[in-house]
Amino acid sequence: MVVRVAMRDGNRRISSEMGTDVDIKKDRRRHLLSDTLSLSFSLIRHTMADQMSDDDESRQSPQSDLDFTSNKARNCIATGSVSGHPEFRLPYPDQVLENVLENVLHFLPSRRDRNAASLVCKSWYRVEALTRSELFIGNCYAVSPTRATSRFPRARALHLKGKPRFADFNLMPPDWGAHFNPWLLSFAKAFPWLEKVYLKRMSVTNDDLATMAESFSGFKDLVLVCCDGFGTSGLAIFVSKCRELRVLDLIESEVADDETDWISCFPECESQLESLIFDCVESPINFEALEKLVARSPSLKKLKLNRHVSIGQLYQLMVQAPQVTHLGTGSFSPLEVDMQDDQEPDYVTAFADCKSLVCLSGFREIVPDYLPAVYPICANLTSLNFSYANITAEQLKPIISNCHKLQVFWVLDSIRDEGLQAVAATCKELRELRVFPVDAREDSDGLVSEVGLQAISEDCRKLQSILYFCQRMTNAAVIAMSKNCPDLAVFRLCIMGRHRPDHVTGEPMDDGFGAIVKNCKKLTRLAVSGLLTDKAFEYIGRYGKLVSTLSVAFAGDSDMGLKYVLEGCPQLKKLEIRDSPFGDAALCSGLHHYYNMRFLWMSSCRVTRQGCQQIACAMARLVVEVIRSADEEDMDDCVETLYMYRSLVGPRNDAPKIVTIL
Amino acid sequence: MESSKNGETCPRLLDLIPQEREWHLKRKDEETSLSSEEKKLELRLGPPGDEDNWSINGTAKNNGERDERVISLGYLSSKNSSKQSHKFPSPEDHNHDHQVGSVLSPSWTKNHYQQLTNHPPFLPFQSTPRQSSPAMAKESSQPCCTKVVNIQNAEKQPFSPSYNTAGSPYTSQKRTASGPVVGWPPIRSFRKNLASSSSLKPAAEPPHKDAGEKKAAEPPHKDAGEKKAAEQSAKFVKINMDGVPIGRKVDLKAYDSYEKLSAAVDELFRGLLAAQRDSCGGGILKKVEEEKAITGLLDGSGEYTLVYEDNEGDRMLVGDVPWHMFVSTAQRLRVLKSSELSAHSRDC
């Protein structure tokens, strides 16, 4: 539906050149906004002078890195000094309108919608900035903390991401950066009322935890995902000082064992704790203290224990907290103490009493004999994580056959294709499946194959997200999945042996991935593997119009591969490539798009220093980091790792020596 | 003997070096410390067993493309192989990217590197020999190949920071394709080591109920992999001790002698016994140092003696039969007060 849009400047209608045709059905997200929001957004975008990138109408949504858009807005509206667009100097905002607006915008939680709203005009920008309570910053180096705090003076929550994903696989030096400290210091000054911090792949120190606890008196939620740099001593200080703590979630983070009993440091009074997740903490904990903590936390809904909690101890906790909805079982194996004199606790009843339990995980050192204990709650489960449980299909079947409501299932490939067939037979509601390898080596025996994938695709038609590690795969099975699962938004296939073709036909896996991008119209995230030629990338470029995250390893023939993608995927935001033959020519073909992306990662490819330098010179707002391997000298022309990202801040000053910013 | 043998092999290597010299010359500005002698010592060897390939090809490839000779010890560029396989789309090559020989092909270097400098970009170990050469320069001009190899290796380690917990240095992405590549498959480190996890627990863990200790209990094992060692089966038997209400279980198969079992029993019950004594004695918690070791379990000399029940229900003294027989017949253990022992035997 195409609508003509015009801006009203008080009573004066702005000249019709400023109007634009907008198809408001193009982007579904716009329907979340009121009509004026969506229409005006498009107008502003079209007319604003954007020195940073080509601003064409085909670009649909504003960037999600909020301050990137803010700069544009500022240039043209907020500062008042507008280059070449005098029509944009609007009159003083209508106070009544602003109040109404404030109330309306309160209902707009999505940051993308808020970004759009902020572009409408100066008063909308200001009101939106005042009403935004959660700040999302996708790249901690893209914007400075002070900029964020000054634009959004009433923020209560911070969501901050640091390193790119490949850092998880040791492809980045450990001291690369992403330090939380500068953000913390800035926010401590500006937002003493801050309640929530969510960090992903950031480096957090014990001092940071202490500072957080001291600076934010009403602090409620701390979620650390894939973070490192701190230990149990930092946790101890943190929990002892945060009297209002509701959520402490440590997820897949590295927590150093400072041999401090942090569980005992929770305040003795009744606690508001709603979520305590510490399954990634490798050090033992004081169980007595934990038991008492759980006993005095009546609101506790999520509890995920680490592998030092035995099944007997789990039992004791479960009877204290039958109201849990999310349970991580810890080791799920007994200590010798548990096995005394035939007095094993009634685990079945303990599970049966947890009537609200919907999400089950843990099983870190599972003794499968105890699995029947979970039978009572299988029927309620929507999420089951067996990804640490080395169990067979036979051991899985009795459980999974009762899990009719299951939507999220993480499992090890020890269950084999047969186990996956059992999953397919029952779990018709499955939305997300992740199959991890028991033996994560390239030359390990593959325990699952195309057979399992095929079975899942045939019966789990609502599948939206899949991560599948295997050693052999066929195009046919992948094509079948592309046709059977139209809702697929995330498709990540990892054939662990590098360059493996279709093991039946010997062909490259091009056609399989091609079918995925072609048939899965909702696909936003794709990870490819196996033997792939440039053809696969041609498909991705041609059909992957919604793809925003792409992960490539050991694939492609030539620069054309990368070119196809950079030229063909308008929604591409995160591109990570390793060990593929893409060089400078390909790199330069993406110049038109790099400001739209959060980052580009290329390691062990063919880019040279000159190529990177060219990019750096051509694009002022791009930070181009060259990370060399340890023993390379600075003068080497080859580039081991290129990591580049858009930024309003410019080159950072905390990079280690091994990183060169061009 | 060895030196003469090395003398034989070294000339072969030295023959190949001249090809490399060109490359070295190109980089002369960076190699201030190198003499030509040292350059000769900069050996790069392929993986074991590939010497034949290497030496044969070495003489053949005289077209000035020294890239293919630059194969760092044990570390072959995985990218080399991958590129090679892309260049030669025939199916068998894709499976053969592990072979060193297949990398040594001129067309690979020609086609792929024409647009780049002659310098091969994907072999980061080029620089290590330079750095290690001062040490090597001290070697005689008849380097023992293996020695040089060792030095090169040894030198390499400090230069490659151990970024990764996967065990291979950050720079060793360029290993032979048969060896592991950094960060591949893309599994986070805490998800690894699951292959060895079995459904059985190892033998006795230290008690978690240390009374009054604020410190967390000692972790039995840090790494799941360590824990699940080659135990295929275990034999857990209950063990009770006089004066301690809490029984334990021990895995008899975890030990191979009576002495070890005795030590384990001591470990299991020492803390519990001390705690028991404290609680009886008025509640003042004693520190760990004041726990008494439980000794003399086997010879009757200590305060306690170890007995067991066999598969016929008889109570026997531990230590009389060969260990294997004991393990197979024991059903239950008890730690009795030695003073009570004769009383029991009288009753039987």
# chains A, B, ... in the order shown; residues from 1 in each chain; ligands from 1
$ select_by_dssp --residues "stretch 513-638 of chain A" --states "strand (DSSP E)" --output "VMD selection string"
chain A and resid 525 to 527 549 to 553 574 to 578 599 to 603 622 to 627
$ atom_distance --atom1 "atom CA of B:Lys192" --atom2 "atom CA of A:Ile466"
19.9 Å
$ closest_residue --among "B:Leu341, B:Arg332, B:Tyr255, B:Phe326" --to "chain A" --atoms "only C-alpha atoms"
B:Arg332
$ residues_around --residues "A:Trp410" --least-positions-apart "2" --cutoff "8 Å" --atoms "only C-alpha atoms" --output "PyMOL selection string"
chain A and resi 384-387+408+412+433-436
$ residues_around --residues "B:Glu312" --least-positions-apart "4" --cutoff "10 Å" --atoms "only C-alpha atoms" --output "list of chain:residue names"
B:Thr329, B:Ala330, B:Gln331
